[in-house]
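One structure is given below, encoded as structure tokens.
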Amino acid sequence: MQAQPCHLGGLGVLVTRPAHQADALCELIERAHGRPIRFPALEITPSADAEAARAILAAPNDLLVFVSANAAEHGFALLPDSLPAALDIAAVGRATAAKLEALGLEPTLVPETGFDSEALLELPELAAPHGRRVVIVRGNDGRSLLGDTLRERGAEVAYAEVYRRGIPRRSPDNLLRGWARMVDVVTASSNAVLDNLFTMLGDDGAERVRNTPLVVVSRRMADHARELRCRDLHLAASAHDTDVLAALCALRSGYG
């Protein structure tokens with residue numbers, strides 16, 4: 001899918017993706033004549049127990065479920081050299097699927113809409129996974145909905161925690177001082193990113209986020225943002241960079 005061309009008219013966009021994943025979105029914003037402002041609100045590091053994850057991934061499995069692009073990147077490094085031909089590979093959304101494809105893995109199960117655990121669970125292939133061994137490839141402290149539901153449906157579920165999420169150590173002072181003249185819209189790609197952003201910015205900064213247009217990437221995120229009292233929400237079709245840009249273009253066009 002190609003991003004629809006638009007002119008962001010100098011829109012200042014706070015990009016909160018992890019530092020190593022922000023380049024592509026920032027480049028798209030620049031090409032659309034926007035101003036990306038990098039402020040990573042999530043830090044991704046390798047798992048503290050990679051060997052445990054490697055052993056789980058090397059076991060006889062029927063389905064690997066990658067819950068994010070980070071899970072794809074860090075999980076791929078721990079996969080055995082060869083995978084069974086009958087192994088199914090699932091991705092929760094387009095961004096995760098694209099990352100798997102770039103790594104040389106072809107996902108066989110990807111939701112057409114929704115792009116989250118709930119959407120994945122609606123696929124008919126997962127309606128009755130009785131007796132299948134499913135490995136959910138994720139970071140630390142991930143959601144339990146996917147695993148719990150698959151177990152209820154009869155699957156044998158294991159978790160391979162292949163990376164850890166953390167809060168970057170970064171001062172928000174410069175950002176907060178220049179917020180009014182620099183930041184026109186905030187983007188966030190997960191609840192963890194949004195929670196970390198509120199923590200990093202403190203009470204004063206959190207109120208600035210609440211009063212600034214916020215682009216989120218799922219309805220679950222939108223619900224969470226409302227719980228945080230964010231007032232001006234805009235929903236991207238997915239976390240894919242082109243979909244985030246499309247949401248920014250729609251927001252900008254609404255300014256007239």
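Chains: A, B, ... in order of the structure tokens. Residues: from 1 per chain. Ligands: from 1, in order shown.
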Go through range 104-196 of chain A residue by residue and, counting only C-alpha atoms, keep those with an atom at most 9 Å from range 62-79 of chain A; for each kept residue give the shortest atom pair and its distance in Å to one decimal, ordered by chain and increasing number, as a tab-separated table.
```
residue	atom	partner	partner_atom	distance
A:Leu105	CA	A:Phe76	CA	8.8
A:Leu109	CA	A:Val65	CA	8.8
A:Asp116	CA	A:Val67	CA	8.0
A:Ser117	CA	A:Val67	CA	7.7
A:Arg132	CA	A:Asp62	CA	5.9
A:Arg133	CA	A:Asp62	CA	5.2
A:Val134	CA	A:Leu63	CA	4.8
A:Val135	CA	A:Leu64	CA	5.0
A:Ile136	CA	A:Val65	CA	4.7
A:Val137	CA	A:Phe66	CA	4.9
A:Arg138	CA	A:Ala71	CA	5.1
A:Gly139	CA	A:Ala71	CA	6.7
A:Ala160	CA	A:Gly75	CA	8.1
A:Glu161	CA	A:Ala71	CA	8.3
A:Val162	CA	A:Gly75	CA	5.6
A:Tyr163	CA	A:His74	CA	6.4
```
Keeping N, CA and C atoms for every residue in the selection just given, could you write it to a file as a compact mmCIF listing (two decimals), in the first residue's frame?
```
# COMPACT_ATOMS: atom_id res chain seq x y z
N LEU A 105 10.44 -14.45 6.10
CA LEU A 105 9.38 -15.34 6.58
C LEU A 105 8.05 -14.88 5.99
N LEU A 109 -1.09 -16.24 8.38
CA LEU A 109 -2.30 -15.74 9.04
C LEU A 109 -2.10 -14.28 9.42
N ASP A 116 -4.97 -6.42 15.60
CA ASP A 116 -4.64 -6.63 17.00
C ASP A 116 -4.99 -8.06 17.38
N SER A 117 -4.79 -8.40 18.66
CA SER A 117 -5.06 -9.77 19.10
C SER A 117 -6.51 -10.16 18.86
N ARG A 132 -3.20 -28.13 19.02
CA ARG A 132 -2.07 -27.52 18.33
C ARG A 132 -1.15 -26.83 19.35
N ARG A 133 0.15 -26.90 19.10
CA ARG A 133 1.11 -26.20 19.97
C ARG A 133 1.38 -24.83 19.37
N VAL A 134 1.03 -23.79 20.11
CA VAL A 134 1.14 -22.40 19.66
C VAL A 134 2.17 -21.68 20.51
N VAL A 135 3.10 -21.02 19.87
CA VAL A 135 4.07 -20.18 20.58
C VAL A 135 3.79 -18.72 20.26
N ILE A 136 3.57 -17.93 21.28
CA ILE A 136 3.35 -16.49 21.12
C ILE A 136 4.68 -15.79 21.35
N VAL A 137 5.16 -15.13 20.32
CA VAL A 137 6.46 -14.46 20.36
C VAL A 137 6.20 -12.99 20.71
N ARG A 138 6.75 -12.55 21.85
CA ARG A 138 6.38 -11.24 22.37
C ARG A 138 7.49 -10.67 23.23
N GLY A 139 7.23 -9.50 23.83
CA GLY A 139 8.13 -8.91 24.80
C GLY A 139 7.69 -9.27 26.20
N ALA A 160 7.34 -17.13 24.10
CA ALA A 160 8.76 -16.87 23.88
C ALA A 160 8.97 -15.37 24.01
N GLU A 161 9.50 -14.96 25.15
CA GLU A 161 9.73 -13.52 25.38
C GLU A 161 11.11 -13.18 24.82
N VAL A 162 11.11 -12.47 23.70
CA VAL A 162 12.34 -12.28 22.93
C VAL A 162 12.92 -10.87 23.07
N TYR A 163 12.21 -9.98 23.74
CA TYR A 163 12.74 -8.64 23.96
C TYR A 163 12.12 -8.05 25.22
```
Identify, on the basis of only C-alpha atoms, every residue whose closest approach to range 144-148 of chain A does not exceed 8 Å; exclude the query and any residue fewer than 3 positions from it along the same chain; express the result as an MDAnalysis selection string. chainID A and resid 117:118 121 136 151:152 157:158
Export of prior selection with C-alpha atoms as a compact mmCIF listing (two decimals), in the first residue's frame:
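Output (again10.txt):
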```txt
# COMPACT_ATOMS: atom_id res chain seq x y z
CA SER A 117 -5.06 -9.77 19.10
CA GLU A 118 -8.84 -9.51 18.92
CA LEU A 121 -8.62 -14.40 17.15
CA ILE A 136 3.35 -16.49 21.12
CA ARG A 151 -5.97 -22.16 25.63
CA GLU A 152 -9.74 -21.96 26.16
CA VAL A 157 0.27 -22.30 24.44
CA ALA A 158 3.82 -21.25 25.27
```
Give me, as CSV, the closest atom pair and its distance (Å, one decimal) for every residue of range 205-248 of chain A within a cut-off of 7 Å of range 184-198 of chain A, counting only C-alpha atoms, rows sorted by chain and rising number.
```
residue,atom,partner,partner_atom,distance
A:Ala206,CA,A:Phe198,CA,5.0
A:Thr212,CA,A:Val185,CA,5.9
A:Pro213,CA,A:Val185,CA,4.9
A:Leu214,CA,A:Val186,CA,4.8
A:Val215,CA,A:Thr187,CA,4.7
A:Val216,CA,A:Ala188,CA,5.5
A:Val217,CA,A:Ser189,CA,5.8
A:Met221,CA,A:Asn191,CA,5.9
A:His224,CA,A:Asn191,CA,7.0
A:Ala239,CA,A:Ser189,CA,5.9
```
Give me, as a VMD selection string, the residues of range 16-232 of chain A that a backbone DSSP run labels strand (DSSP E). chain A and resid 35 to 38 43 to 46 63 to 66 88 to 91 133 to 139 156 to 166 185 to 187 214 to 216
Same residues, C-alpha atoms, output as a tab-separated table (two decimals), in the first residue's frame:
```
chain	number	residue	atom	x	y	z
A	35	ARG	CA	8.35	18.46	10.62
A	36	PRO	CA	9.08	15.23	12.51
A	37	ILE	CA	10.15	15.72	16.12
A	38	ARG	CA	11.84	12.62	17.48
A	43	GLU	CA	13.24	1.39	24.54
A	44	ILE	CA	13.61	-2.12	23.14
A	45	THR	CA	16.42	-4.37	24.35
A	46	PRO	CA	17.09	-8.09	23.84
A	63	LEU	CA	2.00	-22.10	14.95
A	64	LEU	CA	4.21	-19.10	15.75
A	65	VAL	CA	2.36	-15.87	16.52
A	66	PHE	CA	4.36	-12.64	16.29
A	88	ASP	CA	1.99	-21.66	10.33
A	89	ILE	CA	3.19	-18.12	11.03
A	90	ALA	CA	0.77	-15.45	12.23
A	91	ALA	CA	1.20	-11.68	12.49
A	133	ARG	CA	1.11	-26.20	19.97
A	134	VAL	CA	1.14	-22.40	19.66
A	135	VAL	CA	4.07	-20.18	20.58
A	136	ILE	CA	3.35	-16.49	21.12
A	137	VAL	CA	6.46	-14.46	20.36
A	138	ARG	CA	6.38	-11.24	22.37
A	139	GLY	CA	8.13	-8.91	24.80
A	156	GLU	CA	-1.26	-25.76	23.98
A	157	VAL	CA	0.27	-22.30	24.44
A	158	ALA	CA	3.82	-21.25	25.27
A	159	TYR	CA	5.39	-17.80	25.37
A	160	ALA	CA	8.76	-16.87	23.88
A	161	GLU	CA	9.73	-13.52	25.38
A	162	VAL	CA	12.34	-12.28	22.93
A	163	TYR	CA	12.74	-8.64	23.96
A	164	ARG	CA	12.21	-6.28	26.85
A	165	ARG	CA	10.39	-2.96	26.91
A	166	GLY	CA	11.65	-0.04	28.95
A	185	VAL	CA	0.20	16.53	16.74
A	186	VAL	CA	1.42	13.52	18.72
A	187	THR	CA	1.70	9.98	17.32
A	214	LEU	CA	-3.21	12.46	19.09
A	215	VAL	CA	-2.94	9.82	16.36
A	216	VAL	CA	-3.35	6.25	17.65
```
Looking only at alpha helix (DSSP H) from DSSP on the backbone, list the matching residues of range 9-251 of chain A as number ranges by chain. A: 23-31, 50-58, 69-76, 94-102, 117-121, 145-152, 173-182, 191-210, 219-227, 241-251
Those same residues, written as an mmCIF file, in the first residue's frame with C-alpha atoms?
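Result file is selection-v5.cif:
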```cif
data_model
loop_
_atom_site.group_PDB
_atom_site.id
_atom_site.type_symbol
_atom_site.label_atom_id
_atom_site.label_comp_id
_atom_site.auth_asym_id
_atom_site.auth_seq_id
_atom_site.Cartn_x
_atom_site.Cartn_y
_atom_site.Cartn_z
ATOM 1 C CA ASP A 23 13.444 6.647 10.477
ATOM 2 C CA ALA A 24 10.887 5.478 7.922
ATOM 3 C CA LEU A 25 7.990 7.418 9.468
ATOM 4 C CA CYS A 26 10.126 10.537 9.865
ATOM 5 C CA GLU A 27 11.165 10.329 6.206
ATOM 6 C CA LEU A 28 7.534 10.023 5.085
ATOM 7 C CA ILE A 29 6.587 13.056 7.171
ATOM 8 C CA GLU A 30 9.445 15.083 5.713
ATOM 9 C CA ARG A 31 8.505 14.115 2.145
ATOM 10 C CA ALA A 50 17.455 -15.504 25.132
ATOM 11 C CA GLU A 51 18.370 -19.173 25.514
ATOM 12 C CA ALA A 52 15.023 -19.979 27.122
ATOM 13 C CA ALA A 53 13.218 -18.321 24.209
ATOM 14 C CA ARG A 54 15.484 -20.105 21.713
ATOM 15 C CA ALA A 55 14.585 -23.489 23.224
ATOM 16 C CA ILE A 56 10.850 -22.757 23.048
ATOM 17 C CA LEU A 57 11.137 -21.691 19.397
ATOM 18 C CA ALA A 58 13.150 -24.801 18.533
ATOM 19 C CA ALA A 69 7.429 -5.844 14.562
ATOM 20 C CA ASN A 70 9.788 -5.955 17.537
ATOM 21 C CA ALA A 71 8.754 -9.546 18.205
ATOM 22 C CA ALA A 72 9.491 -10.355 14.561
ATOM 23 C CA GLU A 73 12.914 -8.725 14.611
ATOM 24 C CA HIS A 74 14.124 -10.174 17.904
ATOM 25 C CA GLY A 75 12.371 -13.511 17.501
ATOM 26 C CA PHE A 76 13.823 -14.128 14.047
ATOM 27 C CA ARG A 94 0.373 -5.324 8.504
ATOM 28 C CA ALA A 95 3.446 -3.740 10.082
ATOM 29 C CA THR A 96 4.377 -7.032 11.756
ATOM 30 C CA ALA A 97 3.700 -8.972 8.558
ATOM 31 C CA ALA A 98 5.859 -6.572 6.550
ATOM 32 C CA LYS A 99 8.726 -7.022 9.010
ATOM 33 C CA LEU A 100 8.464 -10.809 8.784
ATOM 34 C CA GLU A 101 8.476 -10.658 4.994
ATOM 35 C CA ALA A 102 11.552 -8.419 5.031
ATOM 36 C CA SER A 117 -5.063 -9.773 19.097
ATOM 37 C CA GLU A 118 -8.843 -9.512 18.916
ATOM 38 C CA ALA A 119 -8.760 -9.398 15.115
ATOM 39 C CA LEU A 120 -6.343 -12.319 14.940
ATOM 40 C CA LEU A 121 -8.623 -14.402 17.150
ATOM 41 C CA LEU A 145 -5.810 -12.211 25.966
ATOM 42 C CA LEU A 146 -4.394 -14.091 22.981
ATOM 43 C CA GLY A 147 -2.850 -16.918 24.988
ATOM 44 C CA ASP A 148 -5.784 -17.254 27.368
ATOM 45 C CA THR A 149 -8.296 -17.432 24.524
ATOM 46 C CA LEU A 150 -6.307 -19.991 22.519
ATOM 47 C CA ARG A 151 -5.972 -22.165 25.632
ATOM 48 C CA GLU A 152 -9.736 -21.959 26.164
ATOM 49 C CA ASP A 173 12.859 19.824 29.245
ATOM 50 C CA ASN A 174 13.641 21.085 25.736
ATOM 51 C CA LEU A 175 10.532 19.466 24.307
ATOM 52 C CA LEU A 176 8.282 20.986 26.958
ATOM 53 C CA ARG A 177 9.816 24.443 26.569
ATOM 54 C CA GLY A 178 9.209 24.402 22.828
ATOM 55 C CA TRP A 179 5.943 22.455 22.795
ATOM 56 C CA ALA A 180 3.632 25.359 21.888
ATOM 57 C CA ARG A 181 5.640 26.355 18.820
ATOM 58 C CA MET A 182 6.861 22.918 17.731
ATOM 59 C CA ASN A 191 -0.432 1.682 24.933
ATOM 60 C CA ALA A 192 3.060 1.166 26.358
ATOM 61 C CA VAL A 193 4.376 4.079 24.285
ATOM 62 C CA LEU A 194 1.552 6.315 25.465
ATOM 63 C CA ASP A 195 1.969 5.332 29.118
ATOM 64 C CA ASN A 196 5.732 5.903 28.930
ATOM 65 C CA LEU A 197 5.212 9.285 27.281
ATOM 66 C CA PHE A 198 2.994 10.420 30.142
ATOM 67 C CA THR A 199 5.581 9.195 32.655
ATOM 68 C CA MET A 200 8.497 10.878 30.863
ATOM 69 C CA LEU A 201 6.736 14.222 30.462
ATOM 70 C CA GLY A 202 5.372 14.474 34.007
ATOM 71 C CA ASP A 203 2.081 16.087 35.006
ATOM 72 C CA ASP A 204 2.571 19.301 33.033
ATOM 73 C CA GLY A 205 3.631 17.448 29.913
ATOM 74 C CA ALA A 206 0.790 14.937 30.229
ATOM 75 C CA GLU A 207 -1.690 17.796 30.165
ATOM 76 C CA ARG A 208 -0.048 19.101 26.987
ATOM 77 C CA VAL A 209 -0.529 15.699 25.364
ATOM 78 C CA ARG A 210 -4.184 15.656 26.431
ATOM 79 C CA ARG A 219 -9.493 1.176 18.738
ATOM 80 C CA ARG A 220 -8.048 -0.409 21.868
ATOM 81 C CA MET A 221 -5.474 2.375 21.952
ATOM 82 C CA ALA A 222 -8.179 4.976 21.434
ATOM 83 C CA ASP A 223 -10.073 3.588 24.430
ATOM 84 C CA HIS A 224 -6.908 3.713 26.528
ATOM 85 C CA ALA A 225 -6.189 7.284 25.429
ATOM 86 C CA ARG A 226 -9.704 8.301 26.469
ATOM 87 C CA GLU A 227 -9.059 6.754 29.887
ATOM 88 C CA ASP A 241 4.030 4.013 8.569
ATOM 89 C CA THR A 242 1.907 4.747 5.500
ATOM 90 C CA ASP A 243 -1.300 4.414 7.521
ATOM 91 C CA VAL A 244 0.021 6.777 10.199
ATOM 92 C CA LEU A 245 0.932 9.270 7.465
ATOM 93 C CA ALA A 246 -2.543 8.914 5.947
ATOM 94 C CA ALA A 247 -4.068 9.777 9.338
ATOM 95 C CA LEU A 248 -1.796 12.824 9.580
ATOM 96 C CA CYS A 249 -2.836 13.898 6.086
ATOM 97 C CA ALA A 250 -6.521 13.549 7.007
ATOM 98 C CA LEU A 251 -5.960 15.548 10.173
#
```
Ranking A:Ala236, A:Leu123, A:His33, A:Val183 by minimum distance to Asn211 in chain A and counting only C-alpha atoms, which one comes first?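 Result for the nearest residue to Asn211 in chain A: A:Val183.
Between CA of Val92 in chain A and CA of Glu112 in chain A the separation is 9.7 Å.
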Between CA of Ser47 in chain A and CA of Gly93 in chain A lies a distance of 22.5 Å
With distances taken over only C-alpha atoms, which of A:Ala22, A:Ser218, A:Ala32, A:Pro107 is nearest to Gly9 in chain A?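 Going through A:Ala22, A:Ser218, A:Ala32, A:Pro107 one by one, the smallest distance to Gly9 in chain A is for A:Ala32.
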